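What follows is one structure encoded as structure tokens, with my remarks underneath.
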Amino acid sequence: PIHASIFAFVTIAATATVATGSINPDKGAWCWLASFPNGCDHKGGKECERGQLAWIFRWMLFTTIAGSMVVVTIAMIVLYKTVKTIEVNSARYAGAQLTLEPRRLKKSRQVALQGIFYVVSFYFAYLPPLITMVNEKITGNVNMTLLYIAIVMYP
């Protein structure tokens with residue numbers, strides 16, 4: 001069910017962006033969620049031919065990715081704590097002397113390392129595009145160095 005809901009969300013979002021004409025050339029190196037012509041806005045300035053809702057879709061994308069980062073981080077912390085609790089309880093029920101030495105909690109340490117690797121790689125892939133987008137919104141210009149890093153790093 002969760003995979004079907006993700007597929008449905010992405011399909012509906014992609015269809016909505018195409019139907020509203022929100023996929024247009026942006027200031028950067030690609031076509032993206034942008035209004036056309038470049039420089040028009042939804043606040044009543046320069047009139048847009050299409051893509052009037054692009055800013056809404058862009059922020060929906062931004063919050064979805066940022067929210068995913070928060071959820072993934074929390075999930076890895078909860079997973080680690082759950083494995084550690086199970087490992088400690090298993091040792092206690094088996095009659096072993098419980099010590100908090102790292103070598104005694106081998107499984108939870110392995111889960112912690114795997115979680116750290118996963119979260120760091122997730123951030124490594126998704127932070128450059130987010131930083132590029134926020135920088136563009138704050139400064140009004142595209143930083144080409146950030147843009148190139150984002151293009152290379154984005155999955």
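Chain labels run A, B, ... following the order of the structure tokens; each chain numbers its residues from 1, and ligands are numbered from 1 in the order shown.
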For Pro128 (chain A), list every protein, DNA or RNA residue within 8 Å, evaluated using only C-alpha atoms, and leave out those in the same chain fewer than 2 positions away; present the list as a ChimeraX atom specification. /A:124-126,130-132,146-147,149-150,153-154
Create the file for the chosen residues now, containing all heavy atoms and written as an mmCIF file, in the first residue's frame.
data_model
loop_
_atom_site.group_PDB
_atom_site.id
_atom_site.type_symbol
_atom_site.label_atom_id
_atom_site.label_comp_id
_atom_site.auth_asym_id
_atom_site.auth_seq_id
_atom_site.Cartn_x
_atom_site.Cartn_y
_atom_site.Cartn_z
ATOM 1 N N PHE A 124 23.773 13.611 1.121
ATOM 2 C CA PHE A 124 24.783 13.932 0.108
ATOM 3 C C PHE A 124 24.141 14.101 -1.266
ATOM 4 O O PHE A 124 24.558 14.945 -2.056
ATOM 5 C CB PHE A 124 25.838 12.818 0.093
ATOM 6 C CG PHE A 124 27.081 13.137 -0.679
ATOM 7 C CD1 PHE A 124 27.966 14.099 -0.231
ATOM 8 C CD2 PHE A 124 27.373 12.459 -1.850
ATOM 9 C CE1 PHE A 124 29.125 14.392 -0.940
ATOM 10 C CE2 PHE A 124 28.523 12.740 -2.569
ATOM 11 C CZ PHE A 124 29.403 13.711 -2.105
ATOM 12 N N ALA A 125 23.113 13.306 -1.547
ATOM 13 C CA ALA A 125 22.446 13.373 -2.850
ATOM 14 C C ALA A 125 21.427 14.509 -2.926
ATOM 15 O O ALA A 125 21.299 15.158 -3.957
ATOM 16 C CB ALA A 125 21.764 12.043 -3.156
ATOM 17 N N TYR A 126 20.707 14.767 -1.854
ATOM 18 C CA TYR A 126 19.580 15.697 -1.932
ATOM 19 C C TYR A 126 19.845 17.097 -1.384
ATOM 20 O O TYR A 126 19.084 18.015 -1.677
ATOM 21 C CB TYR A 126 18.359 15.102 -1.231
ATOM 22 C CG TYR A 126 17.675 14.082 -2.098
ATOM 23 C CD1 TYR A 126 17.881 12.726 -1.908
ATOM 24 C CD2 TYR A 126 16.839 14.477 -3.131
ATOM 25 C CE1 TYR A 126 17.275 11.795 -2.718
ATOM 26 C CE2 TYR A 126 16.232 13.554 -3.948
ATOM 27 C CZ TYR A 126 16.442 12.212 -3.736
ATOM 28 O OH TYR A 126 15.843 11.284 -4.547
ATOM 29 N N LEU A 130 18.574 21.204 -2.923
ATOM 30 C CA LEU A 130 17.811 22.032 -2.000
ATOM 31 C C LEU A 130 18.534 23.341 -1.699
ATOM 32 O O LEU A 130 17.916 24.412 -1.675
ATOM 33 C CB LEU A 130 17.545 21.271 -0.696
ATOM 34 C CG LEU A 130 16.556 20.122 -0.795
ATOM 35 C CD1 LEU A 130 16.462 19.387 0.527
ATOM 36 C CD2 LEU A 130 15.193 20.623 -1.205
ATOM 37 N N ILE A 131 19.830 23.269 -1.479
ATOM 38 C CA ILE A 131 20.619 24.473 -1.219
ATOM 39 C C ILE A 131 20.588 25.386 -2.439
ATOM 40 O O ILE A 131 20.450 26.610 -2.306
ATOM 41 C CB ILE A 131 22.069 24.103 -0.831
ATOM 42 C CG1 ILE A 131 22.079 23.413 0.531
ATOM 43 C CG2 ILE A 131 22.955 25.344 -0.809
ATOM 44 C CD1 ILE A 131 23.410 22.786 0.892
ATOM 45 N N THR A 132 20.694 24.811 -3.631
ATOM 46 C CA THR A 132 20.643 25.599 -4.864
ATOM 47 C C THR A 132 19.314 26.333 -4.984
ATOM 48 O O THR A 132 19.267 27.524 -5.303
ATOM 49 C CB THR A 132 20.862 24.696 -6.091
ATOM 50 O OG1 THR A 132 22.115 24.028 -5.953
ATOM 51 C CG2 THR A 132 20.852 25.481 -7.381
ATOM 52 N N LEU A 146 27.036 26.059 -7.317
ATOM 53 C CA LEU A 146 26.037 25.228 -6.637
ATOM 54 C C LEU A 146 25.208 24.436 -7.642
ATOM 55 O O LEU A 146 24.880 23.272 -7.400
ATOM 56 C CB LEU A 146 25.113 26.105 -5.789
ATOM 57 C CG LEU A 146 25.663 26.652 -4.490
ATOM 58 C CD1 LEU A 146 24.643 27.585 -3.838
ATOM 59 C CD2 LEU A 146 26.027 25.534 -3.536
ATOM 60 N N LEU A 147 24.869 25.064 -8.752
ATOM 61 C CA LEU A 147 24.071 24.379 -9.762
ATOM 62 C C LEU A 147 24.806 23.174 -10.332
ATOM 63 O O LEU A 147 24.230 22.091 -10.471
ATOM 64 C CB LEU A 147 23.700 25.346 -10.893
ATOM 65 C CG LEU A 147 22.850 24.761 -12.015
ATOM 66 C CD1 LEU A 147 21.494 24.331 -11.492
ATOM 67 C CD2 LEU A 147 22.692 25.774 -13.133
ATOM 68 N N ILE A 149 27.210 21.428 -8.901
ATOM 69 C CA ILE A 149 27.274 20.399 -7.856
ATOM 70 C C ILE A 149 25.933 19.680 -7.761
ATOM 71 O O ILE A 149 25.877 18.448 -7.662
ATOM 72 C CB ILE A 149 27.675 21.019 -6.500
ATOM 73 C CG1 ILE A 149 29.132 21.507 -6.563
ATOM 74 C CG2 ILE A 149 27.501 20.019 -5.370
ATOM 75 C CD1 ILE A 149 29.541 22.347 -5.373
ATOM 76 N N ALA A 150 24.840 20.429 -7.804
ATOM 77 C CA ALA A 150 23.518 19.821 -7.728
ATOM 78 C C ALA A 150 23.256 18.896 -8.903
ATOM 79 O O ALA A 150 22.700 17.799 -8.743
ATOM 80 C CB ALA A 150 22.447 20.911 -7.665
ATOM 81 N N MET A 153 25.343 15.704 -8.398
ATOM 82 C CA MET A 153 24.980 14.888 -7.240
ATOM 83 C C MET A 153 23.562 14.334 -7.282
ATOM 84 O O MET A 153 23.273 13.331 -6.641
ATOM 85 C CB MET A 153 25.135 15.715 -5.950
ATOM 86 C CG MET A 153 26.542 16.182 -5.696
ATOM 87 S SD MET A 153 27.773 14.865 -5.741
ATOM 88 C CE MET A 153 27.160 13.788 -4.503
ATOM 89 N N TYR A 154 22.662 14.991 -8.015
ATOM 90 C CA TYR A 154 21.264 14.576 -7.982
ATOM 91 C C TYR A 154 21.089 13.192 -8.606
ATOM 92 O O TYR A 154 21.604 12.931 -9.672
ATOM 93 C CB TYR A 154 20.405 15.603 -8.722
ATOM 94 C CG TYR A 154 18.943 15.499 -8.379
ATOM 95 C CD1 TYR A 154 18.494 15.841 -7.118
ATOM 96 C CD2 TYR A 154 18.022 15.050 -9.302
ATOM 97 C CE1 TYR A 154 17.162 15.747 -6.787
ATOM 98 C CE2 TYR A 154 16.694 14.958 -8.990
ATOM 99 C CZ TYR A 154 16.265 15.311 -7.729
ATOM 100 O OH TYR A 154 14.943 15.209 -7.405
#
I need the residues of chain A that end up classed as alpha helix (DSSP H) by DSSP on the backbone, written out as a count of residues only. 102
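CA of Trp55 (chain A) is found 11.1 Å from CA of Cys40 (chain A).
Shortest atom-to-atom contact with Met60 (chain A) among A:Ile74, A:Val10, A:Val111, A:Ile2: A:Val10, counting only C-alpha atoms.
The environment of Ala112 (chain A) within 10 Å, counting only C-alpha atoms and disregarding residues fewer than 4 places along the same chain, consists of Met76, Ile77, Leu79, Tyr80, Lys81, Val83, Lys84, Lys106, Lys107, Ser108, Ile116, Phe117 and Tyr118 of chain A.
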Just N, CA, C and O atoms for this one: save the residues we selected as a compact mmCIF listing (two decimals), in the first residue's frame.
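Saved result, part.txt, follows:
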# COMPACT_ATOMS: atom_id res chain seq x y z
N MET A 76 15.88 6.10 11.27
CA MET A 76 17.15 5.45 11.57
C MET A 76 17.46 5.49 13.07
O MET A 76 17.97 4.52 13.64
N ILE A 77 17.14 6.60 13.73
CA ILE A 77 17.35 6.70 15.18
C ILE A 77 16.45 5.71 15.92
O ILE A 77 16.90 4.99 16.82
N LEU A 79 15.12 2.96 14.68
CA LEU A 79 15.58 1.62 14.37
C LEU A 79 16.77 1.23 15.25
O LEU A 79 16.80 0.13 15.82
N TYR A 80 17.73 2.13 15.38
CA TYR A 80 18.90 1.86 16.23
C TYR A 80 18.47 1.61 17.68
O TYR A 80 18.92 0.65 18.31
N LYS A 81 17.63 2.48 18.21
CA LYS A 81 17.20 2.32 19.61
C LYS A 81 16.42 1.02 19.81
O LYS A 81 16.56 0.37 20.84
N VAL A 83 16.78 -1.84 18.04
CA VAL A 83 17.74 -2.95 17.99
C VAL A 83 18.56 -3.00 19.28
O VAL A 83 18.79 -4.08 19.83
N LYS A 84 18.95 -1.85 19.78
CA LYS A 84 19.74 -1.82 21.02
C LYS A 84 18.91 -2.35 22.19
O LYS A 84 19.42 -3.14 23.00
N LYS A 106 27.19 -5.48 19.71
CA LYS A 106 27.71 -5.54 18.35
C LYS A 106 26.63 -5.28 17.30
O LYS A 106 26.86 -4.54 16.34
N LYS A 107 25.47 -5.88 17.43
CA LYS A 107 24.41 -5.74 16.43
C LYS A 107 23.89 -4.31 16.36
O LYS A 107 23.70 -3.77 15.28
N SER A 108 23.67 -3.68 17.51
CA SER A 108 23.17 -2.31 17.49
C SER A 108 24.22 -1.36 16.91
O SER A 108 23.88 -0.39 16.24
N ILE A 116 23.84 5.42 9.69
CA ILE A 116 24.63 6.63 9.43
C ILE A 116 25.03 6.69 7.96
O ILE A 116 24.91 7.74 7.32
N PHE A 117 25.49 5.58 7.41
CA PHE A 117 25.87 5.55 5.99
C PHE A 117 24.67 5.89 5.10
O PHE A 117 24.80 6.64 4.13
N TYR A 118 23.51 5.34 5.44
CA TYR A 118 22.31 5.59 4.64
C TYR A 118 21.91 7.07 4.70
O TYR A 118 21.67 7.70 3.67
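Note that the spacing between CA of Arg58 (chain A) and CA of Ala75 (chain A) amounts to 25.5 Å.
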Identify, on the basis of only C-alpha atoms, every residue whose closest approach to region 14-26 of chain A does not exceed 7 Å; exclude the query and any residue fewer than 5 positions from it along the same chain; express the result as a list in words. Cys31, Trp32, Leu33, Ala34, Ser35, Phe36, Asn38, Arg50, Gly51, Leu53 and Ala54 of chain A
Output file for the selection above: N, CA and C atoms, as a JSON list (two decimals), in the first residue's frame:
[["chain", "number", "residue", "atom", "x", "y", "z"],
["A", 31, "CYS", "N", 15.06, 22.42, -17.76],
["A", 31, "CYS", "CA", 13.65, 22.74, -17.63],
["A", 31, "CYS", "C", 13.20, 22.20, -16.29],
["A", 32, "TRP", "N", 12.44, 23.02, -15.60],
["A", 32, "TRP", "CA", 12.05, 22.65, -14.26],
["A", 32, "TRP", "C", 10.72, 23.30, -13.94],
["A", 33, "LEU", "N", 10.32, 23.26, -12.70],
["A", 33, "LEU", "CA", 9.08, 23.90, -12.28],
["A", 33, "LEU", "C", 9.30, 25.41, -12.27],
["A", 34, "ALA", "N", 8.83, 26.07, -13.32],
["A", 34, "ALA", "CA", 9.06, 27.50, -13.45],
["A", 34, "ALA", "C", 7.93, 28.12, -14.27],
["A", 35, "SER", "N", 7.70, 29.39, -14.04],
["A", 35, "SER", "CA", 6.72, 30.11, -14.85],
["A", 35, "SER", "C", 7.42, 30.60, -16.13],
["A", 36, "PHE", "N", 6.58, 30.95, -17.12],
["A", 36, "PHE", "CA", 7.13, 31.41, -18.40],
["A", 36, "PHE", "C", 6.38, 32.64, -18.83],
["A", 38, "ASN", "N", 10.50, 33.80, -18.27],
["A", 38, "ASN", "CA", 11.33, 33.88, -17.08],
["A", 38, "ASN", "C", 11.22, 35.28, -16.47],
["A", 50, "ARG", "N", 2.28, 30.99, -18.91],
["A", 50, "ARG", "CA", 1.94, 29.67, -18.36],
["A", 50, "ARG", "C", 2.79, 29.42, -17.12],
["A", 51, "GLY", "N", 2.39, 28.43, -16.36],
["A", 51, "GLY", "CA", 3.15, 28.08, -15.17],
["A", 51, "GLY", "C", 2.89, 28.98, -13.98],
["A", 53, "LEU", "N", 1.21, 28.40, -11.45],
["A", 53, "LEU", "CA", 1.23, 27.60, -10.22],
["A", 53, "LEU", "C", 2.57, 26.93, -9.96],
["A", 54, "ALA", "N", 3.57, 27.22, -10.77],
["A", 54, "ALA", "CA", 4.87, 26.55, -10.64],
["A", 54, "ALA", "C", 5.48, 26.76, -9.27]]
